[in-house]
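**Student:** Data: work-v9.txt, compact mmCIF, C-alpha atoms.
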# COMPACT_ATOMS: atom_id res chain seq x y z
CA MET A 28 13.91 -31.79 -5.41
CA LEU A 29 16.20 -33.49 -2.90
CA LEU A 30 17.16 -36.05 -5.58
CA MET A 31 18.14 -33.42 -8.14
CA THR A 32 21.68 -33.29 -9.46
CA PRO A 33 23.72 -30.06 -9.35
CA ILE A 34 22.96 -29.56 -13.04
CA ASP A 35 19.23 -30.01 -12.40
CA ILE A 36 19.41 -27.51 -9.53
CA ALA A 37 21.26 -24.99 -11.72
CA GLU A 38 18.65 -25.37 -14.45
CA TRP A 39 15.85 -24.98 -11.91
CA LEU A 40 17.45 -21.85 -10.45
CA ALA A 41 17.81 -20.33 -13.92
CA GLY A 42 14.15 -21.05 -14.67
CA ALA A 43 13.00 -19.76 -11.28
CA VAL A 44 14.94 -16.51 -11.66
CA ASN A 45 13.53 -16.07 -15.16
CA THR A 46 9.98 -16.64 -13.89
CA ALA A 47 10.45 -14.20 -11.01
CA GLY A 48 11.83 -11.65 -13.46
CA TYR A 49 8.48 -11.46 -15.27
CA SER A 50 6.95 -9.79 -12.21
CA MET A 51 9.90 -7.63 -11.23
CA TYR A 52 9.14 -4.69 -13.52
CA PHE A 53 5.59 -4.01 -12.33
CA MET A 54 6.60 -4.82 -8.73
CA LEU A 55 9.31 -2.16 -8.75
CA TRP A 56 7.01 0.37 -10.41
CA ASN A 57 4.07 -0.33 -8.09
CA THR A 58 6.36 -0.25 -5.05
CA PHE A 59 7.62 3.17 -6.16
CA LEU A 60 4.02 4.41 -6.50
CA ALA A 61 3.16 2.97 -3.07
CA LEU A 62 6.07 4.77 -1.43
CA ILE A 63 5.10 8.18 -2.85
CA PRO A 64 2.23 8.74 -0.37
CA PHE A 65 4.40 7.48 2.48
CA GLY A 66 7.10 10.00 1.59
CA LEU A 67 4.49 12.75 1.37
CA SER A 68 3.06 11.75 4.75
CA LEU A 69 6.45 12.35 6.36
CA TRP A 70 6.44 15.92 5.07
CA LEU A 71 2.74 16.63 5.56
CA PHE A 72 2.19 15.07 8.96
CA ARG A 73 5.60 14.74 10.59
CA LYS A 74 7.71 17.70 9.48
CA ARG A 75 7.66 20.53 11.96
CA GLY A 76 6.28 23.78 10.62
CA ALA A 77 4.17 22.19 7.88
CA GLY A 78 1.08 24.24 8.58
CA HIS A 79 -2.37 23.22 7.41
CA ASN A 80 -3.15 26.78 6.30
CA ARG A 81 -0.51 26.82 3.60
CA ILE A 82 -1.52 26.39 -0.02
CA GLY A 83 1.49 24.17 -0.61
CA TRP A 84 0.37 21.87 2.21
CA TRP A 85 -3.08 21.44 0.71
CA VAL A 86 -1.62 20.78 -2.73
CA GLY A 87 0.64 18.17 -1.17
CA PHE A 88 -2.32 16.65 0.67
CA ALA A 89 -4.28 16.41 -2.59
CA VAL A 90 -1.35 14.62 -4.24
CA PHE A 91 -1.07 12.39 -1.17
CA MET A 92 -4.73 11.34 -1.46
CA ALA A 93 -4.45 10.84 -5.22
CA PHE A 94 -1.51 8.45 -4.87
CA LEU A 95 -2.54 6.74 -1.63
CA PRO A 96 -4.65 4.00 -3.31
CA ASN A 97 -1.46 2.79 -5.01
CA ALA A 98 -0.24 1.43 -1.67
CA PRO A 99 -3.07 -1.06 -0.90
CA TYR A 100 -3.46 -1.63 -4.65
CA VAL A 101 -0.50 -4.03 -4.47
CA LEU A 102 -2.76 -6.56 -2.72
CA THR A 103 -4.67 -7.03 -5.98
CA ASP A 104 -1.46 -8.02 -7.77
CA ILE A 105 -1.89 -11.48 -6.28
CA ILE A 106 -3.86 -12.22 -9.45
CA HIS A 107 -0.50 -12.49 -11.23
CA LEU A 108 0.62 -15.17 -8.78
CA VAL A 109 -2.64 -17.04 -9.39
CA ARG A 110 -1.99 -16.79 -13.13
CA PHE A 111 1.45 -18.34 -12.72
CA ILE A 112 -0.05 -21.22 -10.76
CA ARG A 113 -2.77 -21.78 -13.35
CA GLU A 114 -0.16 -21.80 -16.12
CA GLY A 115 1.51 -24.74 -14.42
CA VAL A 116 4.67 -23.17 -13.05
CA GLU A 117 6.70 -25.75 -11.15
CA LEU A 118 5.56 -26.24 -7.55
CA TRP A 119 8.98 -25.57 -6.01
CA THR A 120 9.27 -22.35 -7.98
CA VAL A 121 5.90 -21.22 -6.66
CA VAL A 122 6.69 -22.17 -3.05
CA LEU A 123 10.32 -21.07 -2.80
CA VAL A 124 10.43 -18.12 -5.19
CA LEU A 125 7.09 -16.64 -6.25
CA ILE A 126 5.21 -16.76 -2.94
CA PRO A 127 8.05 -15.11 -0.95
CA GLN A 128 8.52 -12.57 -3.74
CA TYR A 129 4.86 -11.58 -3.76
CA LEU A 130 4.56 -11.58 0.04
CA ILE A 131 7.50 -9.17 0.40
CA PHE A 132 6.13 -6.98 -2.38
CA MET A 133 2.63 -6.82 -0.89
CA LEU A 134 3.95 -6.28 2.64
CA ILE A 135 5.97 -3.25 1.53
CA GLY A 136 2.95 -1.74 -0.22
CA ILE A 137 0.42 -2.29 2.55
CA GLU A 138 2.88 -1.21 5.24
CA ALA A 139 3.47 2.02 3.31
CA TYR A 140 -0.30 2.53 3.49
CA VAL A 141 -0.46 1.75 7.21
CA ALA A 142 2.50 3.98 8.03
CA SER A 143 0.98 6.83 6.02
CA LEU A 144 -2.27 6.67 7.99
CA VAL A 145 -0.40 6.32 11.27
CA ASN A 146 1.38 9.56 10.41
CA LEU A 147 -1.96 11.15 9.60
CA GLY A 148 -3.39 9.94 12.91
CA SER A 149 -0.44 11.41 14.78
CA TYR A 150 -1.01 14.72 12.97
CA LEU A 151 -4.70 14.79 13.92
CA ARG A 152 -3.99 13.84 17.53
CA LYS A 153 -1.41 16.61 17.98
CA ARG A 154 -3.95 19.15 16.74
CA GLY A 155 -6.72 17.99 19.05
CA TYR A 156 -8.67 15.99 16.47
CA GLY A 157 -7.91 12.55 17.88
CA ARG A 158 -11.59 11.60 17.99
CA TRP A 159 -11.70 11.85 14.19
CA ILE A 160 -8.90 9.34 13.55
CA LEU A 161 -11.13 6.27 13.18
CA THR A 162 -13.62 8.15 11.00
CA SER A 163 -10.87 9.49 8.75
CA GLU A 164 -9.36 6.00 8.43
CA LEU A 165 -12.69 4.48 7.37
CA VAL A 166 -13.33 7.27 4.88
CA ILE A 167 -9.84 6.83 3.42
CA HIS A 168 -10.32 3.04 3.23
CA ALA A 169 -13.51 3.65 1.23
CA LEU A 170 -11.85 6.17 -1.10
CA CYS A 171 -8.92 3.81 -1.64
CA ALA A 172 -11.31 0.95 -2.40
CA ILE A 173 -12.84 3.13 -5.12
CA GLY A 174 -9.40 4.11 -6.36
CA ILE A 175 -8.28 0.48 -6.50
CA TYR A 176 -11.36 -0.42 -8.53
CA LEU A 177 -10.68 2.41 -10.97
CA GLY A 178 -7.06 1.31 -11.29
CA ARG A 179 -7.65 -2.42 -11.60
CA PHE A 180 -10.58 -2.49 -14.02
CA PRO A 181 -10.77 0.62 -16.26
CA ARG A 182 -7.02 1.04 -15.63
CA PHE A 183 -7.09 4.69 -14.61
CA ASN A 184 -3.94 6.15 -13.04
CA SER A 185 -3.57 8.67 -10.22
CA TRP A 186 -2.65 11.43 -12.66
CA ASP A 187 -5.88 10.87 -14.61
CA LEU A 188 -7.59 12.85 -11.85
CA VAL A 189 -5.84 15.86 -13.38
CA THR A 190 -5.55 14.90 -17.05
CA ALA A 191 -8.96 13.25 -17.49
CA PRO A 192 -11.18 14.15 -14.49
CA HIS A 193 -14.42 14.00 -16.49
CA GLN A 194 -13.74 10.47 -17.71
CA VAL A 195 -12.90 9.32 -14.19
CA ALA A 196 -16.04 10.94 -12.76
CA LEU A 197 -18.34 9.49 -15.43
CA TYR A 198 -16.94 6.00 -15.04
CA LEU A 199 -17.17 6.22 -11.26
CA VAL A 200 -20.84 7.25 -11.34
CA LYS A 201 -21.55 4.35 -13.67
CA ALA A 202 -19.64 1.94 -11.41
CA LEU A 203 -21.50 3.05 -8.27
CA LEU A 204 -24.79 2.34 -10.04
CA THR A 205 -23.73 -1.17 -11.07
CA PRO A 206 -24.33 -3.88 -8.42
CA ARG A 207 -21.28 -5.94 -9.47
CA SER A 208 -18.93 -2.96 -9.37
CA LEU A 209 -20.37 -1.77 -6.06
CA LEU A 210 -19.91 -5.26 -4.59
CA ILE A 211 -16.25 -5.31 -5.68
CA ILE A 212 -15.68 -1.92 -4.06
CA LEU A 213 -17.36 -3.05 -0.82
CA VAL A 214 -15.33 -6.27 -0.69
CA THR A 215 -12.14 -4.28 -1.35
CA PHE A 216 -13.08 -1.89 1.47
CA ALA A 217 -13.60 -4.84 3.82
CA VAL A 218 -10.26 -6.41 2.89
CA ILE A 219 -8.37 -3.14 3.38
CA THR A 220 -10.05 -2.59 6.75
CA VAL A 221 -9.35 -6.13 7.99
CA VAL A 222 -5.72 -6.09 6.85
CA TYR A 223 -5.10 -2.55 8.10
CA TRP A 224 -6.19 -3.01 11.71
CA PRO A 225 -3.66 -5.67 12.89
CA LEU A 226 -0.83 -4.11 10.88
CA LYS A 227 -1.57 -0.75 12.48
CA GLN A 228 -1.26 -2.29 15.95
CA VAL A 229 2.04 -3.95 15.03
CA THR A 230 3.35 -0.70 13.53
CA LEU A 231 2.38 1.32 16.61
CA ALA A 232 3.96 -1.31 18.88
CA LEU A 233 7.20 -1.16 16.92
CA LEU A 234 7.19 2.65 17.08
CA LEU A 235 6.72 2.57 20.85
CA TYR A 236 9.48 -0.01 21.19
CA SER A 237 11.81 2.08 19.03
CA ARG A 238 11.10 5.19 21.10
CA SER A 239 11.69 3.33 24.35
CA LEU A 240 15.05 2.10 23.06
CA LYS A 241 15.94 5.65 22.04
CA ARG A 242 15.02 7.04 25.46
CA SER A 243 16.96 4.25 27.14
CA SER A 244 20.08 4.99 25.08
CA ILE A 245 19.78 8.72 25.88
CA ARG A 246 19.57 7.99 29.62
CA LYS A 247 22.66 5.80 29.38
CA LEU A 248 24.54 8.58 27.59
CA ASN A 249 23.54 11.05 30.30
CA PHE A 250 25.04 8.78 32.92
Please rewrite the model in this file as structure tokens.
**Tutor:**
Amino acid sequence: MLLMTPIDIAEWLAGAVNTAGYSMYFMLWNTFLALIPFGLSLWLFRKRGAGHNRIGWWVGFAVFMAFLPNAPYVLTDIIHLVRFIREGVELWTVVLVLIPQYLIFMLIGIEAYVASLVNLGSYLRKRGYGRWILTSELVIHALCAIGIYLGRFPRFNSWDLVTAPHQVALYLVKALLTPRSLLIILVTFAVITVVYWPLKQVTLALLLYSRSLKRSSIRKLNF
């Protein structure tokens, strides 16, 4: 690439942008779906006065759980990157364009998932249920693994839980009785759990750092 002429570089850039554009539509859509549960978590678990005894809160929580698998689901979109590589996309396009594009996309999605559960954990801790945080996280990882399977293979959407609940339930029962499907769900659960733990620690560290900076700036203003 170092020996390329300006014309060659311009042609490569045009081709790279065109290749990246193939993934942009589903990336934007999946990112939007991943941010829905994060937005809901801010209202459900952070907003003052959002009581757990309100019907609206429970409806919001149900929507939150229905859309939450969309956040870690972005990890499975790496199959599109693999497809590009198999199709023989130029190496420099893969290294300089596609890999950064997919890494940013997947980081946004999985961080939306982590931040959502951090908000949930904060909510549980404030209400005296801190001992249930780990259990709730593992249960949610498992439910999201099932949701990811239903979205990736039979291509169900979050709203199918309302529009076609019987179809979702029947397919899920069949999947849980199939060794291959069960293995995929278990592997997905393991991946989510392994990825979640270090990102949670980083997120909590950044939150603590941000709060310390805020307290420091307030003390300076008081002086």
**Student:** What gap, in Å, lies between atom CA of A:Ala89 and atom CA of A:Val166?
**Tutor:**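 Computing the Euclidean distance for atom CA of A:Ala89 and atom CA of A:Val166 yields 14.9 Å.
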**Student:** Of the candidates A:Ser208, A:Ser149, A:Thr46, A:Gln228, which one gets nearest to A:Ile175 if we count all atoms listed in the file?
**Tutor:**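 Closest residue, counting all atoms listed in the file: A:Ser208.
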**Student:** Name the residues within 8 Å of (-3.0, 4.1, -2.0), counting all atoms listed in the file in the file's coordinates, and put them as a list in words.
**Tutor:**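 It turns out the residues near that spot are Ala61, Pro64, Met92, Ala93, Phe94, Leu95, Pro96, Asn97, Ala98, Pro99, Tyr100, Tyr140, Cys171, Gly174 and Ile175 of chain A.
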**Student:** What's around A:Val122 at 12 Å? Count all atoms listed in the file, leave out sequence neighbours fewer than 4 positions away in its own chain, and write the answer as a list in words.
**Tutor:**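 Once the adjacent positions are removed, what remains is Ala43, Ala47, Leu108, Phe111, Ile112, Val116, Glu117, Leu118, Ile126, Pro127, Gln128, Tyr129 and Leu130 of chain A.
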**Student:** Restricting the calculation to only C-alpha atoms, which member of A:Arg81, A:Arg179, A:Lys153, A:Lys227 is positioned closest to A:Ile212?
**Tutor:** A:Arg179
**Student:** Which is closer to A:Val221 than all the others in A:Val145, A:Ile137, A:Ala202, A:Ile160, using all atoms listed in the file?
**Tutor:**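 Using all atoms listed in the file, A:Val221 sits closest to A:Ile137.
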**Student:** Could you jot down the atom CA of A:Gly148 to atom CA of A:Ile63 separation for me, Å, one decimal place?
**Tutor:**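 Rounded to one decimal, the two atoms are 18.0 Å apart.
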**Student:** For each of A:Tyr223, A:Phe216, A:Tyr49, A:Phe183, take the minimum atom-to-atom distance to A:Arg110, counting all atoms listed in the file, then give the residue where this is smallest.
**Tutor:**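 Result for the nearest residue to A:Arg110: A:Tyr49.
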**Student:** Atom CA of A:Leu55 and atom CA of A:Val90, how far apart in Å?
**Tutor:** 20.4 Å
**Student:** For a quick check of understanding, using all atoms listed in the file, which of A:Leu161, A:Ala172, A:Ala142, A:Ala41 has the smallest distance to A:Thr215?
**Tutor:**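 Of the candidates, the smallest distance to A:Thr215 is held by A:Ala172.
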**Student:** Out of A:Phe132, A:Trp224, A:Trp186, A:Tyr198, which residue has the shortest atom-to-atom distance to A:Tyr52 when counting only C-alpha atoms?
**Tutor:**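 That would be A:Phe132, the residue with the smallest distance to A:Tyr52.
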**Student:** Using the file's own x, y and z axes, so that the box edges lie along x, y and z, what centre and edge lengths in Å (one decimal) does a box around every listed atom of stretch 137-156 of chain A get when 4 Å is added on each side? Give it as JSON.
**Tutor:**
{"center_x": -2.6, "center_y": 8.4, "center_z": 10.8, "size_x": 20.1, "size_y": 29.4, "size_z": 24.5}
